[in-house]
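These notes concern the structure reproduced below.
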Number of protein chains: 2
Amino acid sequence: MSDFDVRQEVSDKYSLRGRVFHRLRDDILSGKYAEHEELKEMAIGEEMGVSRTPVREAFRQLELEGLIQIIPNKGAYVTGITEKDVKDIYMIRSLLEGLCARWATEHITKEQMEEMEENVYLAEFHAQKGHLEQLAELDNRFHDILYEACDSKILEHQLKDFHQYVLRVRKKTLANANRGPKSNEEHRGIMEAIRSRDAELAERLANRHMINAYDNMVKNGLHEIYGREESPSGDSV
Amino acid sequence: MSDFDVRQEVSDKYSLRGRVFHRLRDDILSGKYAEHEELKEMAIGEEMGVSRTPVREAFRQLELEGLIQIIPNKGAYVTGITEKDVKDIYMIRSLLEGLCARWATEHITKEQMEEMEENVYLAEFHAQKGHLEQLAELDNRFHDILYEACDSKILEHQLKDFHQYVLRVRKKTLANANRGPKSNEEHRGIMEAIRSRDAELAERLANRHMINAYDNMVKNGLHEIYGREESPSGDSV
DNA sequence: GCTCGTATGATTGTATACAATTATACGAGC
DNA sequence: GCTCGTATAATTGTATACAATCATACGAGC
């Protein structure tokens, strides 16, 4: 297996720096810090009970992750995401999820296939019951399985990265009760295409799945999520 | 314009940390440090005449860039690139360069179009003269123009990122005198498709351009570049 | 001879001190 | 009243000191 990643995970969750990094990332993604808000090393450090050193190192990483922008000798600012950024990400993801589905068709293991089938069946159950949270969880997991099944560290990393960015939008929105079941229908299609070893179909369906998710998001008011807290929006993809 | 980038540039080239970062990156890309070689904070710091602090911060960034891997409490190691990694990157790039060409067709400015035309014509000249270095330079520039023309910070950044990684392979290889002119022929095709506003064609040609570059690289012995210094290989894309 | 535990040195992780830069406030001059 | 320059405070950038962790060597015990 490759030890090369286009972007490495921050593996060290237990060092002070790692904890600062993960906590800051969560806080930014969850919207605790507003866009363009300035993050001060000392303030963050005091809040987390550490010195500036690990905070600074975490900042450098967050900058490369694109969550903050550091202006030399000035400060660190939470970056904003525009509507166009979100659209671009979905368009790129559409292509890459398709590629991922294609590769997954060729490389998926028996265990992964079974987990994927189980995921779809379980999601169907929760969809009927109206369990939105479980549905969102299974939705995320479905894509993670797909990413792992494609057997490409590079692609897996890219997609997980994008997925994370979209979470930033999603956190500001509510799950859409209508999209959930429809999304799972599409998952089923992708799953069956992979099971029957139809790579072309799997790719097309995965492409389509992303486009649909984006369209649904726009239809439900992507342009409103900036500023409003409770606007319904796309599904969790 | 968006102020959001999936991965930020390290803008600060003049701070000590910025200098360490860029120099280390160049050194790794140029092969000064072998794969899996351990980088020690103190040694690097002494070599560059700075303390450990900026070195550590540069390390954190290089880790996210994927050039080194940091194992907590152990050390920083130069990451290796496998053949499969290179293949995956080219396949992903093929899709994304296609998307980029499609978007560029819709968003390219007059100035960018002119620079692209000039690039192709100039490259033709140098191809006839056998000026391989200029050809490689123009090749890089062609893709940069394309990235800028697509008018998507997100995609531009992704592609520049991948491009950089491939440089790491390319540095170990020599330009292939046969591929250069053929590559430029393909550039011309893409350029003309964009000029005539045929987005579909531009996308297909850009897809193909990447695949060809990869195929050529494999044909010329991608598997040999690990360890050998002088094996001829693919073009500079 | 082999295994394991301990001691020592090397290296990374963090905190702090100091330097350099930037932002702000205030008052002189017009 | 406005502009500009200077002084002060706040903040970031870097160096250094100390703590924690890891690698290695060596020797006791079997």
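By convention in this document, the chains of the structure tokens carry letters A, B, ... by their order, each chain's residues are numbered from 1, and ligands are numbered from 1 in the order they are shown.
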- Message: Distance limit 10 Å, atoms considered: only C-alpha atoms (C1' of nucleotides). Which chain D residues sit that close to chain A? Return them as number ranges by chain.
- Response: D: 11-13
Residues as selected, N, CA and C atoms (P, O5', C5', C4', C3', O3' and C1' of nucleotides), written as an mmCIF file, in the first residue's frame, can you do that?
```cif
data_model
loop_
_atom_site.group_PDB
_atom_site.id
_atom_site.type_symbol
_atom_site.label_atom_id
_atom_site.label_comp_id
_atom_site.auth_asym_id
_atom_site.auth_seq_id
_atom_site.Cartn_x
_atom_site.Cartn_y
_atom_site.Cartn_z
ATOM 1 P P DT D 11 -4.202 41.549 21.260
ATOM 2 O "O5'" DT D 11 -3.256 40.918 20.152
ATOM 3 C "C5'" DT D 11 -3.294 41.456 18.827
ATOM 4 C "C4'" DT D 11 -2.132 40.905 18.035
ATOM 5 C "C3'" DT D 11 -1.885 39.401 18.236
ATOM 6 O "O3'" DT D 11 -2.142 38.719 17.016
ATOM 7 C "C1'" DT D 11 0.137 40.674 18.257
ATOM 8 P P DT D 12 -1.908 37.105 16.917
ATOM 9 O "O5'" DT D 12 -0.570 37.044 16.051
ATOM 10 C "C5'" DT D 12 -0.504 37.751 14.812
ATOM 11 C "C4'" DT D 12 0.933 37.877 14.361
ATOM 12 C "C3'" DT D 12 1.630 36.536 14.074
ATOM 13 O "O3'" DT D 12 2.368 36.663 12.860
ATOM 14 C "C1'" DT D 12 2.904 37.795 15.592
ATOM 15 P P DG D 13 3.208 35.389 12.310
ATOM 16 O "O5'" DG D 13 4.690 35.690 12.810
ATOM 17 C "C5'" DG D 13 5.497 36.596 12.062
ATOM 18 C "C4'" DG D 13 6.960 36.447 12.457
ATOM 19 C "C3'" DG D 13 7.510 35.027 12.337
ATOM 20 O "O3'" DG D 13 8.813 35.081 11.757
ATOM 21 C "C1'" DG D 13 7.765 35.786 14.558
#
```
- Long-range neighbours of DC2 of chain C as a PyMOL selection string, 12 Å cut-off, only C-alpha atoms (C1' of nucleotides), 2 positions minimum in chain: (chain C and resi 4) or (chain D and resi 29-30)
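Using only C-alpha atoms (C1' of nucleotides), the chain C residues found within 9 Å of chain A amount to C:DG13, C:DT14, C:DA15, C:DT16, C:DT21, C:DT22.
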Just-selected residues, N, CA and C atoms (P, O5', C5', C4', C3', O3' and C1' of nucleotides) written as a tab-separated table (two decimals), in the first residue's frame:
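File again04.tsv, as written:
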```tsv
chain	number	residue	atom	x	y	z
C	13	DG	P	7.06	15.93	17.77
C	13	DG	O5'	6.88	16.44	19.28
C	13	DG	C5'	6.18	15.62	20.20
C	13	DG	C4'	5.77	16.43	21.42
C	13	DG	C3'	4.93	17.67	21.10
C	13	DG	O3'	3.86	17.78	22.03
C	13	DG	C1'	6.88	18.30	22.29
C	14	DT	P	2.82	18.95	21.92
C	14	DT	O5'	3.41	20.01	22.96
C	14	DT	C5'	3.50	19.65	24.32
C	14	DT	C4'	4.14	20.77	25.11
C	14	DT	C3'	3.43	22.12	25.03
C	14	DT	O3'	2.94	22.42	26.33
C	14	DT	C1'	5.79	22.35	24.84
C	15	DA	P	2.12	23.76	26.59
C	15	DA	O5'	3.25	24.72	27.20
C	15	DA	C5'	3.99	24.26	28.34
C	15	DA	C4'	5.04	25.29	28.74
C	15	DA	C3'	4.51	26.73	28.87
C	15	DA	O3'	4.94	27.25	30.12
C	15	DA	C1'	6.39	26.66	27.40
C	16	DT	P	4.42	28.68	30.59
C	16	DT	O5'	5.65	29.63	30.20
C	16	DT	C5'	6.94	29.26	30.65
C	16	DT	C4'	8.01	30.09	29.98
C	16	DT	C3'	7.77	31.62	30.00
C	16	DT	O3'	8.92	32.22	30.54
C	16	DT	C1'	8.41	30.91	27.85
C	21	DT	P	10.83	43.81	11.16
C	21	DT	O5'	9.24	43.90	11.13
C	21	DT	C5'	8.48	42.70	11.07
C	21	DT	C4'	7.07	42.96	11.51
C	21	DT	C3'	6.40	44.17	10.84
C	21	DT	O3'	5.36	43.70	10.01
C	21	DT	C1'	5.93	44.06	13.18
C	22	DT	P	4.55	44.76	9.10
C	22	DT	O5'	3.25	45.04	10.00
C	22	DT	C5'	2.50	43.94	10.50
C	22	DT	C4'	1.47	44.41	11.50
C	22	DT	C3'	0.58	45.56	11.01
C	22	DT	O3'	-0.77	45.18	11.15
C	22	DT	C1'	1.43	46.01	13.17
```
- Message: Let me make sure I understand: among A:Val166, A:Ile108, A:Arg208, A:Val20, which one has the smallest atom-to-atom distance to Met48 of chain A if we use only C-alpha atoms?
- Response: A:Val20
- DSSP helix (DSSP H, G or I) residues within segment 5-88 of chain A, as a PyMOL selection string: chain A and resi 16-29+41-48+52-65+83-88
Would you write out those residues with N, CA and C atoms, as a tab-separated table (two decimals), in the first residue's frame?
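Output contents, as saved in selection_21.tsv:
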```tsv
chain	number	residue	atom	x	y	z
A	16	LEU	N	-0.86	17.94	22.21
A	16	LEU	CA	-1.57	19.19	22.39
A	16	LEU	C	-1.88	19.83	21.04
A	17	ARG	N	-0.87	19.82	20.17
A	17	ARG	CA	-1.09	20.41	18.86
A	17	ARG	C	-2.22	19.71	18.12
A	18	GLY	N	-2.21	18.36	18.18
A	18	GLY	CA	-3.27	17.61	17.52
A	18	GLY	C	-4.63	17.96	18.08
A	19	ARG	N	-4.70	18.09	19.39
A	19	ARG	CA	-5.99	18.41	20.00
A	19	ARG	C	-6.45	19.80	19.60
A	20	VAL	N	-5.51	20.75	19.59
A	20	VAL	CA	-5.87	22.10	19.18
A	20	VAL	C	-6.37	22.08	17.73
A	21	PHE	N	-5.63	21.36	16.89
A	21	PHE	CA	-5.99	21.29	15.48
A	21	PHE	C	-7.41	20.76	15.29
A	22	HIS	N	-7.68	19.61	15.90
A	22	HIS	CA	-8.99	18.99	15.69
A	22	HIS	C	-10.11	19.82	16.29
A	23	ARG	N	-9.84	20.38	17.45
A	23	ARG	CA	-10.89	21.16	18.09
A	23	ARG	C	-11.18	22.44	17.32
A	24	LEU	N	-10.12	23.07	16.86
A	24	LEU	CA	-10.32	24.29	16.07
A	24	LEU	C	-11.06	23.98	14.78
A	25	ARG	N	-10.68	22.88	14.15
A	25	ARG	CA	-11.34	22.51	12.91
A	25	ARG	C	-12.82	22.27	13.15
A	26	ASP	N	-13.11	21.51	14.20
A	26	ASP	CA	-14.52	21.26	14.51
A	26	ASP	C	-15.25	22.56	14.78
A	27	ASP	N	-14.61	23.44	15.52
A	27	ASP	CA	-15.26	24.70	15.87
A	27	ASP	C	-15.53	25.54	14.62
A	28	ILE	N	-14.58	25.53	13.69
A	28	ILE	CA	-14.79	26.29	12.47
A	28	ILE	C	-15.90	25.65	11.64
A	29	LEU	N	-15.82	24.32	11.49
A	29	LEU	CA	-16.82	23.63	10.68
A	29	LEU	C	-18.21	23.77	11.29
A	41	GLU	N	-3.71	33.79	18.59
A	41	GLU	CA	-2.97	32.67	19.15
A	41	GLU	C	-3.14	32.57	20.65
A	42	MET	N	-2.98	33.70	21.32
A	42	MET	CA	-2.99	33.68	22.77
A	42	MET	C	-4.38	33.33	23.30
A	43	ALA	N	-5.39	33.92	22.67
A	43	ALA	CA	-6.76	33.67	23.12
A	43	ALA	C	-7.12	32.19	22.97
A	44	ILE	N	-6.81	31.64	21.80
A	44	ILE	CA	-7.09	30.22	21.56
A	44	ILE	C	-6.31	29.37	22.56
A	45	GLY	N	-5.04	29.73	22.73
A	45	GLY	CA	-4.20	28.98	23.66
A	45	GLY	C	-4.76	28.98	25.07
A	46	GLU	N	-5.17	30.14	25.53
A	46	GLU	CA	-5.71	30.22	26.89
A	46	GLU	C	-6.99	29.40	27.01
A	47	GLU	N	-7.82	29.52	25.98
A	47	GLU	CA	-9.09	28.81	26.01
A	47	GLU	C	-8.87	27.30	26.10
A	48	MET	N	-7.81	26.84	25.47
A	48	MET	CA	-7.57	25.39	25.46
A	48	MET	C	-6.50	24.99	26.48
A	52	ARG	N	1.33	29.11	23.10
A	52	ARG	CA	1.14	29.52	21.71
A	52	ARG	C	1.76	28.53	20.72
A	53	THR	N	2.81	27.85	21.15
A	53	THR	CA	3.53	26.98	20.21
A	53	THR	C	2.62	25.96	19.51
A	54	PRO	N	1.93	25.11	20.24
A	54	PRO	CA	1.05	24.16	19.53
A	54	PRO	C	-0.06	24.85	18.76
A	55	VAL	N	-0.51	25.98	19.25
A	55	VAL	CA	-1.56	26.71	18.53
A	55	VAL	C	-1.04	27.18	17.18
A	56	ARG	N	0.17	27.71	17.19
A	56	ARG	CA	0.74	28.19	15.93
A	56	ARG	C	0.90	27.06	14.93
A	57	GLU	N	1.35	25.90	15.41
A	57	GLU	CA	1.53	24.78	14.49
A	57	GLU	C	0.19	24.32	13.93
A	58	ALA	N	-0.82	24.32	14.79
A	58	ALA	CA	-2.16	23.95	14.32
A	58	ALA	C	-2.64	24.95	13.28
A	59	PHE	N	-2.35	26.22	13.51
A	59	PHE	CA	-2.74	27.26	12.54
A	59	PHE	C	-2.15	26.98	11.17
A	60	ARG	N	-0.88	26.61	11.15
A	60	ARG	CA	-0.23	26.37	9.86
A	60	ARG	C	-0.93	25.25	9.11
A	61	GLN	N	-1.39	24.27	9.84
A	61	GLN	CA	-2.06	23.15	9.19
A	61	GLN	C	-3.45	23.56	8.73
A	62	LEU	N	-4.14	24.31	9.58
A	62	LEU	CA	-5.48	24.74	9.20
A	62	LEU	C	-5.43	25.64	7.97
A	63	GLU	N	-4.33	26.36	7.84
A	63	GLU	CA	-4.20	27.21	6.67
A	63	GLU	C	-4.14	26.35	5.41
A	64	LEU	N	-3.35	25.29	5.46
A	64	LEU	CA	-3.24	24.43	4.29
A	64	LEU	C	-4.54	23.69	4.04
A	65	GLU	N	-5.29	23.42	5.09
A	65	GLU	CA	-6.59	22.77	4.91
A	65	GLU	C	-7.59	23.75	4.32
A	83	GLU	N	-20.97	30.63	-2.69
A	83	GLU	CA	-21.86	29.69	-3.38
A	83	GLU	C	-21.13	29.01	-4.52
A	84	LYS	N	-20.33	29.79	-5.22
A	84	LYS	CA	-19.62	29.22	-6.37
A	84	LYS	C	-18.63	28.15	-5.91
A	85	ASP	N	-17.98	28.39	-4.79
A	85	ASP	CA	-17.07	27.38	-4.27
A	85	ASP	C	-17.81	26.06	-4.05
A	86	VAL	N	-18.98	26.17	-3.43
A	86	VAL	CA	-19.75	24.95	-3.15
A	86	VAL	C	-20.12	24.26	-4.46
A	87	LYS	N	-20.56	25.05	-5.42
A	87	LYS	CA	-20.93	24.46	-6.71
A	87	LYS	C	-19.73	23.77	-7.34
A	88	ASP	N	-18.59	24.46	-7.36
A	88	ASP	CA	-17.39	23.87	-7.96
A	88	ASP	C	-17.03	22.56	-7.29
```
- Task: For Glu97 of chain B, list every protein, DNA or RNA residue within 9 Å, evaluated using only C-alpha atoms (C1' of nucleotides), and leave out those in the same chain fewer than 5 positions away; present the list as a ChimeraX atom specification.
- Result: /B:92,102,143,146-147,155,159,203,206-207,209-210
- Task: Could you tell me how far atom CA of Gln134 of chain A lies from atom CA of Lys182 of chain A, in Å and to one decimal?
- Result: 15.0 Å
